[in-house]
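> Pasting my_file-v7.pdb below, which is PDB, C-alpha atoms.
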```pdb
ATOM      1  CA  MET A1152      76.460 172.042 -69.020
ATOM      2  CA  ALA A1153      76.085 175.358 -70.846
ATOM      3  CA  LYS A1154      74.050 178.021 -69.112
ATOM      4  CA  LYS A1155      70.867 179.192 -70.744
ATOM      5  CA  LYS A1156      71.361 182.435 -72.611
ATOM      6  CA  GLN A1157      69.838 185.466 -70.925
ATOM      7  CA  ASN A1158      67.694 187.419 -73.358
ATOM      8  CA  TYR A1159      66.389 190.075 -70.980
ATOM      9  CA  GLN A1160      68.095 192.386 -68.513
ATOM     10  CA  PHE A1161      65.849 191.376 -65.615
ATOM     11  CA  GLN A1162      67.091 187.788 -65.917
ATOM     12  CA  LYS A1163      70.396 188.925 -64.405
ATOM     13  CA  LEU A1164      68.640 190.157 -61.292
ATOM     14  CA  LYS A1165      68.941 187.929 -58.228
ATOM     15  CA  MET A1166      67.849 188.232 -54.629
ATOM     16  CA  CYS A1167      68.997 186.819 -51.330
ATOM     17  CA  LYS A1168      65.797 185.754 -49.599
ATOM     18  CA  LYS A1169      67.335 186.031 -46.134
ATOM     19  CA  CYS A1170      68.909 189.485 -46.562
ATOM     20  CA  GLN A1171      66.222 190.695 -48.982
ATOM     21  CA  ARG A1172      69.087 192.159 -51.012
ATOM     22  CA  TYR A1173      69.282 192.254 -54.782
ATOM     23  CA  SER A1174      72.388 191.668 -56.898
ATOM     24  CA  ILE A1175      73.315 191.597 -60.576
ATOM     25  CA  LEU A1176      76.715 189.964 -60.166
ATOM     26  CA  LYS A1177      77.407 186.420 -61.294
ATOM     27  CA  ASP A1178      78.226 185.291 -57.735
ATOM     28  CA  GLU A1179      75.922 182.494 -56.646
ATOM     29  CA  ILE A1180      76.269 183.052 -52.898
ATOM     30  CA  CYS A1181      75.399 186.156 -50.879
ATOM     31  CA  PRO A1182      78.611 187.595 -49.357
ATOM     32  CA  VAL A1183      76.699 188.777 -46.278
ATOM     33  CA  CYS A1184      74.823 185.684 -45.086
ATOM     34  CA  GLY A1185      76.290 182.916 -47.249
ATOM     35  CA  LYS A1186      72.914 181.839 -48.638
ATOM     36  CA  HIS A1187      72.366 181.119 -52.326
ATOM     37  CA  TYR A1188      70.837 183.803 -54.488
ATOM     38  CA  LYS A1189      67.583 183.114 -56.291
ATOM     39  CA  LYS A1190      66.573 184.624 -59.605
ATOM     40  CA  VAL A1191      63.867 187.257 -59.258
ATOM     41  CA  CYS A1192      61.961 185.734 -62.158
ATOM     42  CA  THR A1193      61.922 182.454 -60.192
ATOM     43  CA  PHE A1194      60.268 184.155 -57.212
ATOM     44  CA  VAL A1195      57.678 185.773 -59.450
ATOM     45  CA  LYS A1196      57.046 182.527 -61.312
ATOM     46  CA  LYS A1197      56.413 180.610 -58.084
ATOM     47  CA  SER A1198      54.101 183.318 -56.789
ATOM     48  CA  PHE A1199      52.282 183.442 -60.110
ATOM     49  CA  ILE A1200      51.801 179.667 -60.270
ATOM     50  CA  LYS A1201      50.596 179.644 -56.657
ATOM     51  CA  ARG A1202      47.984 182.266 -57.488
ATOM     52  CA  LEU A1203      46.783 180.329 -60.534
ATOM     53  CA  MET A1204      46.524 177.122 -58.538
ATOM     54  CA  THR A1205      44.518 178.948 -55.861
ATOM     55  CA  GLU A1206      42.088 180.275 -58.461
ATOM     56  CA  LEU A1207      41.755 176.828 -60.017
ATOM     57  CA  MET A1208      41.104 175.270 -56.614
ATOM     58  CA  TRP A1209      38.339 177.797 -55.985
ATOM     59  CA  ILE A1210      36.724 176.852 -59.295
ATOM     60  CA  LEU A1211      36.897 173.153 -58.437
ATOM     61  CA  THR A1212      35.614 173.781 -54.905
ATOM     62  CA  ILE A1213      32.635 175.835 -56.055
ATOM     63  CA  THR A1214      31.851 173.273 -58.756
ATOM     64  CA  GLY A1215      32.080 170.442 -56.226
ATOM     65  CA  LEU A1216      29.822 172.216 -53.732
ATOM     66  CA  GLY A1217      27.342 172.910 -56.494
ATOM     67  CA  ILE A1218      27.239 169.223 -57.405
ATOM     68  CA  ILE A1219      26.887 168.125 -53.761
ATOM     69  CA  PHE A1220      24.049 170.479 -52.862
ATOM     70  CA  ALA A1221      22.286 170.465 -56.209
ATOM     71  CA  PRO A1222      19.024 168.542 -56.612
ATOM     72  CA  ALA A1223      19.559 165.082 -58.081
ATOM     73  CA  LYS A1224      17.988 166.023 -61.404
ATOM     74  CA  GLN A1225      20.250 169.095 -61.806
ATOM     75  CA  THR A1226      23.553 167.441 -60.862
ATOM     76  CA  MET A1227      24.551 166.932 -64.476
ATOM     77  CA  TYR A1228      23.816 170.584 -65.249
ATOM     78  CA  TYR A1229      26.078 171.752 -62.425
ATOM     79  CA  LEU A1230      28.781 169.286 -63.437
ATOM     80  CA  SER A1231      28.613 170.335 -67.094
ATOM     81  CA  GLY A1232      28.592 174.022 -66.169
ATOM     82  CA  GLY A1233      31.538 173.611 -63.819
ATOM     83  CA  CYS A1234      33.555 171.672 -66.406
ATOM     84  CA  ALA A1235      32.730 174.210 -69.116
ATOM     85  CA  PHE A1236      33.771 177.082 -66.862
ATOM     86  CA  GLY A1237      36.995 175.316 -65.860
ATOM     87  CA  ILE A1238      37.919 174.532 -69.469
ATOM     88  CA  SER A1239      37.103 178.098 -70.546
ATOM     89  CA  TYR A1240      39.276 179.437 -67.735
ATOM     90  CA  ILE A1241      42.210 177.258 -68.802
ATOM     91  CA  VAL A1242      41.817 178.185 -72.495
ATOM     92  CA  ILE A1243      41.623 181.922 -71.788
ATOM     93  CA  LEU A1244      44.509 181.659 -69.349
ATOM     94  CA  SER A1245      46.689 179.944 -71.946
ATOM     95  CA  PHE A1246      46.269 182.958 -74.239
ATOM     96  CA  PHE A1247      47.214 185.526 -71.607
ATOM     97  CA  LEU A1248      49.574 183.482 -69.443
ATOM     98  CA  LYS A1249      52.808 185.024 -70.716
ATOM     99  CA  SER A1250      51.577 188.623 -70.695
ATOM    100  CA  GLU A1251      50.110 188.181 -67.212
ATOM    101  CA  TYR A1252      53.405 186.756 -65.958
ATOM    102  CA  TYR A1253      55.352 189.744 -67.309
ATOM    103  CA  CYS A1254      52.763 192.079 -65.842
ATOM    104  CA  GLN A1255      53.291 190.544 -62.404
ATOM    105  CA  LEU A1256      57.055 190.689 -62.883
ATOM    106  CA  LYS A1257      56.879 194.374 -63.787
ATOM    107  CA  LYS A1258      54.832 195.085 -60.670
ATOM    108  CA  ARG A1259      57.388 193.282 -58.529
ATOM    109  CA  LEU A1260      60.309 195.189 -60.028
ATOM    110  CA  ARG A1261      58.561 198.535 -59.664
ATOM    111  CA  LYS A1262      57.638 197.776 -56.079
ATOM    112  CA  ASP A1263      61.219 196.817 -55.192
ATOM    113  CA  LEU A1264      62.943 199.531 -57.235
ATOM    114  CA  ARG A1265      64.616 201.155 -54.225
ATOM    115  CA  ASN A1266      65.841 197.793 -52.966
ATOM    116  CA  ILE A1267      67.218 196.980 -56.418
ATOM    117  CA  GLN A1268      69.086 200.295 -56.498
ATOM    118  CA  ALA A1269      70.469 199.611 -53.025
ATOM    119  CA  GLY A1270      71.609 196.171 -54.180
ATOM    120  CA  ILE A1271      73.429 197.619 -57.179
ATOM    121  CA  ARG A1272      75.135 200.161 -54.913
ATOM    122  CA  PHE A1273      76.251 197.278 -52.715
ATOM    123  CA  ASP A1274      77.643 195.483 -55.791
ATOM    124  CA  SER A1275      79.475 198.693 -56.734
ATOM    125  CA  ASP A1276      80.982 198.913 -53.251
ATOM    126  CA  LEU A1277      82.248 195.345 -53.616
ATOM    127  CA  ALA A1278      83.936 196.277 -56.902
ATOM    128  CA  GLU A1279      85.521 199.380 -55.372
ATOM    129  CA  ALA A1280      86.770 197.350 -52.420
ATOM    130  CA  GLU A1281      88.484 194.905 -54.775
ATOM    131  CA  VAL A1282      90.214 197.784 -56.569
ATOM    132  CA  LYS A1283      91.598 198.990 -53.237
ATOM    133  CA  GLU A1284      92.727 195.457 -52.423
ATOM    134  CA  GLY A1285      94.604 195.254 -55.720
ATOM    135  CA  LYS A1286      92.220 192.716 -57.263
ATOM    136  CA  VAL A1287      91.871 194.805 -60.396
ATOM    137  CA  GLU A1288      90.769 192.086 -62.824
ATOM    138  CA  GLU A1289      88.086 190.835 -60.427
ATOM    139  CA  ALA A1290      86.937 194.413 -59.889
ATOM    140  CA  TYR A1291      86.674 195.006 -63.626
ATOM    141  CA  GLU A1292      84.568 191.869 -64.074
ATOM    142  CA  LYS A1293      82.172 193.182 -61.447
ATOM    143  CA  TRP A1294      82.009 196.623 -63.046
ATOM    144  CA  ARG A1295      81.457 195.030 -66.444
ATOM    145  CA  GLU A1296      78.518 193.023 -65.090
ATOM    146  CA  ILE A1297      77.078 196.156 -63.498
ATOM    147  CA  GLY A1298      77.629 198.025 -66.777
ATOM    148  CA  GLU A1299      75.569 195.450 -68.657
ATOM    149  CA  PHE A1300      72.625 196.357 -66.434
ATOM    150  CA  VAL A1301      73.205 200.051 -65.727
ATOM    151  CA  PHE A1302      74.049 202.224 -68.751
ATOM    152  CA  SER A1303      75.089 205.426 -66.988
ATOM    153  CA  ASP A1304      78.243 207.446 -67.665
ATOM    154  CA  ALA A1305      79.285 207.021 -64.036
ATOM    155  CA  VAL A1306      79.454 203.240 -64.419
ATOM    156  CA  LYS A1307      81.219 203.505 -67.787
ATOM    157  CA  ILE A1308      83.873 205.820 -66.359
ATOM    158  CA  ARG A1309      84.501 203.531 -63.413
ATOM    159  CA  GLN A1310      85.022 200.648 -65.816
ATOM    160  CA  VAL A1311      87.463 202.724 -67.853
ATOM    161  CA  ARG A1312      89.437 203.732 -64.777
ATOM    162  CA  VAL A1313      89.871 200.091 -63.859
ATOM    163  CA  LEU A1314      90.800 199.192 -67.449
ATOM    164  CA  ASN A1315      93.533 201.827 -67.377
ATOM    165  CA  LYS A1316      95.125 199.882 -64.533
ATOM    166  CA  LEU A1317      95.145 196.665 -66.557
ATOM    167  CA  PRO A1318      97.379 195.632 -69.471
ATOM    168  CA  LEU A1319      95.635 195.713 -72.840
ATOM    169  CA  LYS A1320      94.263 192.357 -73.956
ATOM    170  CA  ASN A1321      92.831 190.950 -77.161
ATOM    171  CA  GLY A1322      89.084 191.234 -77.265
ATOM    172  CA  LEU A1323      88.862 194.390 -75.173
ATOM    173  CA  GLU A1324      88.419 196.500 -78.317
ATOM    174  CA  ARG A1325      84.773 195.451 -78.253
ATOM    175  CA  GLU A1326      84.517 197.060 -74.843
ATOM    176  CA  LEU A1327      85.774 200.410 -76.138
ATOM    177  CA  GLU A1328      82.700 201.362 -78.148
ATOM    178  CA  ARG A1329      80.371 200.202 -75.381
ATOM    179  CA  LEU A1330      82.148 202.482 -72.914
ATOM    180  CA  ILE A1331      81.938 205.703 -74.941
ATOM    181  CA  PRO A1332      80.476 208.325 -72.564
ATOM    182  CA  SER A1333      78.032 211.055 -73.530
ATOM    183  CA  SER A1334      80.508 213.846 -72.705
ATOM    184  CA  TYR A1335      84.259 214.360 -72.568
ATOM    185  CA  ASP A1336      86.092 212.133 -70.139
ATOM    186  CA  ARG A1337      89.864 212.168 -69.793
ATOM    187  CA  ASP A1338      90.068 208.578 -68.543
ATOM    188  CA  PHE A1339      88.151 207.251 -71.530
ATOM    189  CA  VAL A1340      90.358 209.163 -73.974
ATOM    190  CA  LYS A1341      93.440 207.835 -72.201
ATOM    191  CA  TYR A1342      92.192 204.279 -72.657
ATOM    192  CA  ALA A1343      91.166 204.904 -76.280
ATOM    193  CA  LEU A1344      94.614 206.311 -77.091
ATOM    194  CA  ARG A1345      96.251 203.298 -75.470
ATOM    195  CA  MET A1346      94.132 201.041 -77.650
ATOM    196  CA  LEU A1347      94.877 203.193 -80.687
ATOM    197  CA  ASN A1348      98.629 202.997 -80.141
ATOM    198  CA  LEU A1349      98.441 199.240 -79.720
ATOM    199  CA  ASN A1350      96.386 198.553 -82.833
ATOM    200  CA  ARG A1351      94.564 201.189 -84.883
ATOM    201  CA  ALA A1352      92.358 198.506 -86.413
ATOM    202  CA  ARG A1353      90.558 198.235 -83.086
ATOM    203  CA  ILE A1354      89.198 201.785 -83.207
ATOM    204  CA  SER A1355      85.668 202.021 -84.573
ATOM    205  CA  LYS A1356      84.054 204.839 -86.511
ATOM    206  CA  LYS A1357      81.960 205.806 -83.498
ATOM    207  CA  CYS A1358      85.059 206.080 -81.343
ATOM    208  CA  ILE A1359      86.891 208.216 -83.920
ATOM    209  CA  ALA A1360      83.866 210.513 -84.123
ATOM    210  CA  TYR A1361      83.928 210.906 -80.326
ATOM    211  CA  LEU A1362      87.650 211.718 -80.311
ATOM    212  CA  ILE A1363      87.253 214.283 -83.086
ATOM    213  CA  CYS A1364      84.273 215.851 -81.315
ATOM    214  CA  TYR A1365      86.431 216.573 -78.260
ATOM    215  CA  ARG A1366      89.629 217.356 -80.138
ATOM    216  CA  GLY A1367      90.133 220.607 -78.227
ATOM    217  CA  ASN A1368      90.079 218.877 -74.856
ATOM    218  CA  ILE A1369      92.299 216.094 -76.168
ATOM    219  CA  GLU A1370      94.900 218.530 -77.464
ATOM    220  CA  ILE A1371      95.037 220.231 -74.055
ATOM    221  CA  ASP A1372      95.250 216.983 -72.086
ATOM    222  CA  PHE A1373      97.274 214.780 -74.439
ATOM    223  CA  GLY A1374      98.926 217.067 -76.978
ATOM    224  CA  ARG A1375      98.794 217.531 -80.732
ATOM    225  CA  ASP A1376     100.473 214.196 -81.406
ATOM    226  CA  SER A1377      97.337 212.462 -80.170
ATOM    227  CA  LEU A1378      95.262 214.278 -82.791
ATOM    228  CA  ILE A1379      97.754 213.270 -85.479
ATOM    229  CA  ALA A1380      97.406 209.660 -84.338
ATOM    230  CA  ILE A1381      93.610 209.957 -84.576
ATOM    231  CA  ALA A1382      93.873 211.373 -88.113
ATOM    232  CA  ASP A1383      96.244 208.531 -88.959
ATOM    233  CA  THR A1384      93.681 206.041 -87.640
ATOM    234  CA  ALA A1385      90.952 207.590 -89.784
ATOM    235  CA  LEU A1386      92.962 206.589 -92.871
ATOM    236  CA  ARG A1387      92.344 202.929 -92.150
ATOM    237  CA  MET A1388      89.184 202.663 -94.245
ATOM    238  CA  LYS A1389      87.736 204.483 -97.240
ATOM    239  CA  LEU A1390      84.498 205.069 -95.332
ATOM    240  CA  TYR A1391      86.407 206.737 -92.506
ATOM    241  CA  ILE A1392      88.379 208.932 -94.917
ATOM    242  CA  LEU A1393      85.199 210.172 -96.577
ATOM    243  CA  GLU A1394      83.513 210.727 -93.208
ATOM    244  CA  PHE A1395      86.399 212.566 -91.558
ATOM    245  CA  SER A1396      88.058 214.133 -94.613
ATOM    246  CA  SER A1397      88.121 217.676 -93.203
ATOM    247  CA  PHE A1398      89.794 216.491 -90.000
ATOM    248  CA  ILE A1399      92.378 214.456 -91.925
ATOM    249  CA  GLU A1400      93.083 217.443 -94.160
ATOM    250  CA  GLU A1401      94.131 219.517 -91.154
ATOM    251  CA  PHE A1402      96.902 217.064 -90.327
ATOM    252  CA  LEU A1403      98.134 216.135 -93.803
ATOM    253  CA  GLU A1404     101.473 217.835 -93.216
ATOM    254  CA  ASP A1405     102.034 215.770 -90.082
ATOM    255  CA  LEU A1406     101.173 212.359 -91.492
ATOM    256  CA  PRO A1407     103.992 209.856 -92.043
ATOM    257  CA  LYS A1408     104.992 209.222 -95.635
ATOM    258  CA  GLU A1409     103.512 205.706 -95.732
ATOM    259  CA  ARG A1410     100.145 206.969 -94.489
ATOM    260  CA  LEU A1411     100.109 209.742 -97.075
ATOM    261  CA  LEU A1412     100.936 207.126 -99.674
ATOM    262  CA  ARG A1413      97.922 205.119 -98.537
ATOM    263  CA  LEU A1414      95.701 208.171 -98.850
ATOM    264  CA  CYS A1415      96.975 208.833-102.380
ATOM    265  CA  SER A1416      96.392 205.213-103.279
ATOM    266  CA  MET A1417      92.828 205.388-101.998
ATOM    267  CA  ILE A1418      92.083 208.564-103.947
ATOM    268  CA  HIS A1419      93.735 207.084-107.053
ATOM    269  CA  THR A1420      91.710 203.849-106.780
ATOM    270  CA  TYR A1421      88.386 205.658-106.361
ATOM    271  CA  PRO A1422      88.715 208.822-108.485
ATOM    272  CA  HIS A1423      84.960 209.327-108.842
ATOM    273  CA  HIS A1424      84.276 209.553-105.115
ATOM    274  CA  GLU A1425      83.525 212.945-103.620
ATOM    275  CA  TRP A1426      86.805 213.621-101.802
ATOM    276  CA  GLY A1427      86.175 217.340-101.501
ATOM    277  CA  SER A1428      89.136 219.607-100.821
ATOM    278  CA  LEU A1429      91.095 216.677 -99.359
ATOM    279  CA  LYS A1430      92.045 215.518-102.849
ATOM    280  CA  MET A1431      93.426 218.918-103.873
ATOM    281  CA  SER A1432      95.291 219.397-100.600
ATOM    282  CA  THR A1433      96.838 215.940-100.881
ATOM    283  CA  THR A1434      97.926 216.556-104.468
ATOM    284  CA  ARG A1435      99.538 219.890-103.588
ATOM    285  CA  LEU A1436     101.381 218.324-100.667
ATOM    286  CA  VAL A1437     102.718 215.500-102.837
ATOM    287  CA  GLU A1438     103.835 217.952-105.542
ATOM    288  CA  ARG A1439     105.616 220.080-102.977
ATOM    289  CA  ASN A1440     107.303 217.414-100.853
ATOM    290  CA  TYR A1441     107.402 214.202-102.888
ATOM    291  CA  SER A1442     107.646 215.248-106.541
ATOM    292  CA  TYR A1443     110.858 213.241-107.018
ATOM    293  CA  ASP A1444     109.774 210.241-104.969
ATOM    294  CA  PRO A1445     109.156 207.211-107.243
ATOM    295  CA  ASN A1446     106.436 205.937-104.884
ATOM    296  CA  PHE A1447     104.292 208.973-105.667
ATOM    297  CA  LYS A1448     105.160 209.163-109.367
ATOM    298  CA  ARG A1449     102.023 207.411-110.642
ATOM    299  CA  PHE A1450      99.753 209.785-108.748
ATOM    300  CA  LEU A1451     101.436 212.846-110.208
ATOM    301  CA  GLU A1452     101.281 211.348-113.698
ATOM    302  CA  GLN A1453      97.586 210.724-113.281
ATOM    303  CA  LYS A1454      97.093 214.375-112.339
ATOM    304  CA  LYS A1455      98.968 215.511-115.457
ATOM    305  CA  LEU A1456      96.853 213.261-117.659
ATOM    306  CA  SER A1457      93.683 214.548-116.028
ATOM    307  CA  SER A1458      94.725 218.167-116.524
ATOM    308  CA  HIS A1459      95.576 217.564-120.220
ATOM    309  CA  ALA A1460      92.263 215.837-120.759
TER     310      ALA A1460
END
```
Please rewrite the model in this file as structure tokens.


Amino acid sequence: MAKKKQNYQFQKLKMCKKCQRYSILKDEICPVCGKHYKKVCTFVKKSFIKRLMTELMWILTITGLGIIFAPAKQTMYYLSGGCAFGISYIVILSFFLKSEYYCQLKKRLRKDLRNIQAGIRFDSDLAEAEVKEGKVEEAYEKWREIGEFVFSDAVKIRQVRVLNKLPLKNGLERELERLIPSSYDRDFVKYALRMLNLNRARISKKCIAYLICYRGNIEIDFGRDSLIAIADTALRMKLYILEFSSFIEEFLEDLPKERLLRLCSMIHTYPHHEWGSLKMSTTRLVERNYSYDPNFKRFLEQKKLSSHA
């Protein structure tokens, strides 16, 4: 049976009632006491329902006492009043039931914030322990689950460090953009370059922008060839070329012939786009190095026609 999709972050939060410890991992059993975890929203829901039932019982009790001790002639008035009050309570409650539930849930989470943080630290320790034991894939799964709840750079970097110990797999390119930190991190760049060398199509615009932003650090740590590879990757799409044209222009001389040919083809196909100085630099490079190459002939002919016109 398929599990119900979790729409909110708090739905991942579980608690061991015996240990009073929170967790956000998918494990169903507490590793400390062996008891099953319970969803926090389940605890709140039970408490909320119990409170509503208590209030309803008080209404019924007061109404019943009123009927019992009321004079015989006024019994119907008390009964009608009690029923009207009970129905009004239920109607009003139905309007505010959901918001009241979330209000109670928020109070519970705020009250237990320190315990939740302690639980996440415990989950992190479990992941670190698995790394030390050589269970790298299991450790990454734990860090990934933590990363879906905690969006800090520290958690992202720990995920990246574990990923760098694993072979690259299909589907992990989606992880790359999610793991982009807010500042330069050598481990992230190492992983991004691994992904780039495997398949440039997996590198998103956001990731390219990050790599270009920290180009100085990357050149120091990984060399100029890494920057050339990033420029090469930016040639994958017209949108990327337009966005990162100045960066690409710096490395035109270093681009392989087939990539330069792709750039020329893109400029030739979309002559009315604003290519800036990239178009002129590309044309000069082709004239200087590939003037007798038949693959570039049509681009040079187009330039001659444009100049005559």

> Mind pulling up the distance from CA of Ala1385 in chain A to CA of Leu1344 in chain A?

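Atom-to-atom, CA of Leu1344 in chain A to CA of Ala1385 in chain A, that is 13.3 Å.
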
> Please enumerate the residues selected by the PyMOL selection byres ((chain A and resi 1366) around 12) when evaluated against the supplied file, formatted as a PyMOL selection string.

chain A and resi 1335-1337+1340+1359-1365+1367-1382+1398

> Could you tell me, as a PyMOL selection string, exactly which residues end up selected when the PyMOL selection byres ((chain A and resi 1256-1264) around 12) is applied to this structure?

chain A and resi 1160-1162+1164-1166+1171-1173+1190-1199+1249-1255+1265-1271

> Calculate how many Å separate CA of Ile1399 in chain A from CA of Lys1341 in chain A, rounding to one decimal.

20.8 Å

> Using the chain letters and numbers from the file, give me the residues hit by the PyMOL selection byres ((chain A and resi 1188) around 8), as a compact mmCIF listing (two decimals) with C-alpha atoms, in the coordinates of the input.


```
# COMPACT_ATOMS: atom_id res chain seq x y z
CA LYS A 1165 68.94 187.93 -58.23
CA MET A 1166 67.85 188.23 -54.63
CA CYS A 1167 69.00 186.82 -51.33
CA LYS A 1168 65.80 185.75 -49.60
CA GLU A 1179 75.92 182.49 -56.65
CA ILE A 1180 76.27 183.05 -52.90
CA CYS A 1181 75.40 186.16 -50.88
CA LYS A 1186 72.91 181.84 -48.64
CA HIS A 1187 72.37 181.12 -52.33
CA LYS A 1189 67.58 183.11 -56.29
CA LYS A 1190 66.57 184.62 -59.60
```

> Hey, could you make a per-residue contact list for range 1379-1398 of chain A against range 1405-1415 of chain A with 10 Å as the cut-off, showing the nearest pair of atoms and its distance in Å to one decimal, counting all atoms listed in the file, sorted by chain and number, as a Markdown table?


```
| residue | atom | partner | partner_atom | distance |
| --- | --- | --- | --- | --- |
| A:Ile1379 | CA | A:Asp1405 | CA | 6.8 |
| A:Ala1380 | CA | A:Leu1406 | CA | 8.5 |
| A:Ala1382 | CA | A:Leu1406 | CA | 8.1 |
| A:Asp1383 | CA | A:Leu1406 | CA | 6.7 |
| A:Thr1384 | CA | A:Arg1410 | CA | 9.5 |
| A:Leu1386 | CA | A:Leu1414 | CA | 6.8 |
| A:Arg1387 | CA | A:Arg1413 | CA | 8.8 |
| A:Met1388 | CA | A:Leu1414 | CA | 9.7 |
| A:Lys1389 | CA | A:Leu1414 | CA | 8.9 |
| A:Ile1392 | CA | A:Leu1414 | CA | 8.3 |
```

> Identify the residues within 10 Å of coordinate (84.3, 190.7, -59.1) (same frame as the file), considering all atoms listed in the file, and give the answer as a PyMOL selection string.

chain A and resi 1176-1178+1274-1275+1277-1282+1286-1296

> Quick check, in Å to one decimal: how far apart do CA of Pro1332 in chain A and CA of Val1306 in chain A lie?

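Here the two named atoms are 9.7 Å from each other.
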
> Specify the axis-aligned box that encloses all atoms of range 1416-1433 of chain A listed in the file after padding of 8 Å on each side, stating its centre and edge lengths in Å to one decimal as JSON.


```
{"center_x": 90.2, "center_y": 211.7, "center_z": -104.1, "size_x": 29.3, "size_y": 31.8, "size_z": 25.5}
```

> Pick out the closest residue to Leu1393 in chain A from this set: A:Val1313, A:Ala1352, A:Ile1418, A:Val1242. Count all atoms listed in the file.

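Using all atoms listed in the file, the shortest distance to Leu1393 in chain A belongs to A:Ile1418.
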
> Model the absent atoms of range 1377-1390 of chain A so that N, CA and C atoms are present, and write the result as a PDB file, in the coordinates of the input.


```
ATOM      1  N   SER A1377      98.500 213.351 -80.307  1.00  0.00           N
ATOM      2  CA  SER A1377      97.337 212.462 -80.170  1.00  0.00           C
ATOM      3  C   SER A1377      96.337 212.699 -81.300  1.00  0.00           C
ATOM      4  N   LEU A1378      96.169 213.964 -81.678  1.00  0.00           N
ATOM      5  CA  LEU A1378      95.262 214.278 -82.791  1.00  0.00           C
ATOM      6  C   LEU A1378      95.813 213.743 -84.111  1.00  0.00           C
ATOM      7  N   ILE A1379      97.127 213.819 -84.267  1.00  0.00           N
ATOM      8  CA  ILE A1379      97.754 213.270 -85.479  1.00  0.00           C
ATOM      9  C   ILE A1379      97.521 211.760 -85.544  1.00  0.00           C
ATOM     10  N   ALA A1380      97.638 211.112 -84.395  1.00  0.00           N
ATOM     11  CA  ALA A1380      97.406 209.660 -84.338  1.00  0.00           C
ATOM     12  C   ALA A1380      95.954 209.324 -84.678  1.00  0.00           C
ATOM     13  N   ILE A1381      95.027 210.178 -84.260  1.00  0.00           N
ATOM     14  CA  ILE A1381      93.610 209.957 -84.576  1.00  0.00           C
ATOM     15  C   ILE A1381      93.376 210.123 -86.079  1.00  0.00           C
ATOM     16  N   ALA A1382      93.986 211.163 -86.661  1.00  0.00           N
ATOM     17  CA  ALA A1382      93.873 211.373 -88.113  1.00  0.00           C
ATOM     18  C   ALA A1382      94.478 210.195 -88.868  1.00  0.00           C
ATOM     19  N   ASP A1383      95.589 209.704 -88.372  1.00  0.00           N
ATOM     20  CA  ASP A1383      96.244 208.531 -88.959  1.00  0.00           C
ATOM     21  C   ASP A1383      95.302 207.328 -88.921  1.00  0.00           C
ATOM     22  N   THR A1384      94.618 207.163 -87.807  1.00  0.00           N
ATOM     23  CA  THR A1384      93.681 206.041 -87.640  1.00  0.00           C
ATOM     24  C   THR A1384      92.507 206.151 -88.607  1.00  0.00           C
ATOM     25  N   ALA A1385      92.082 207.375 -88.870  1.00  0.00           N
ATOM     26  CA  ALA A1385      90.952 207.590 -89.784  1.00  0.00           C
ATOM     27  C   ALA A1385      91.280 207.199 -91.221  1.00  0.00           C
ATOM     28  N   LEU A1386      92.563 206.996 -91.520  1.00  0.00           N
ATOM     29  CA  LEU A1386      92.962 206.589 -92.871  1.00  0.00           C
ATOM     30  C   LEU A1386      92.825 205.084 -93.087  1.00  0.00           C
ATOM     31  N   ARG A1387      92.378 204.391 -92.071  1.00  0.00           N
ATOM     32  CA  ARG A1387      92.344 202.929 -92.150  1.00  0.00           C
ATOM     33  C   ARG A1387      91.344 202.421 -93.176  1.00  0.00           C
ATOM     34  N   MET A1388      90.226 203.121 -93.331  1.00  0.00           N
ATOM     35  CA  MET A1388      89.184 202.663 -94.245  1.00  0.00           C
ATOM     36  C   MET A1388      88.690 203.817 -95.113  1.00  0.00           C
ATOM     37  N   LYS A1389      88.260 203.469 -96.314  1.00  0.00           N
ATOM     38  CA  LYS A1389      87.736 204.483 -97.240  1.00  0.00           C
ATOM     39  C   LYS A1389      86.549 205.218 -96.624  1.00  0.00           C
ATOM     40  N   LEU A1390      85.673 204.470 -95.961  1.00  0.00           N
ATOM     41  CA  LEU A1390      84.498 205.069 -95.332  1.00  0.00           C
ATOM     42  C   LEU A1390      84.901 206.114 -94.298  1.00  0.00           C
TER      43      LEU A1390
END
```
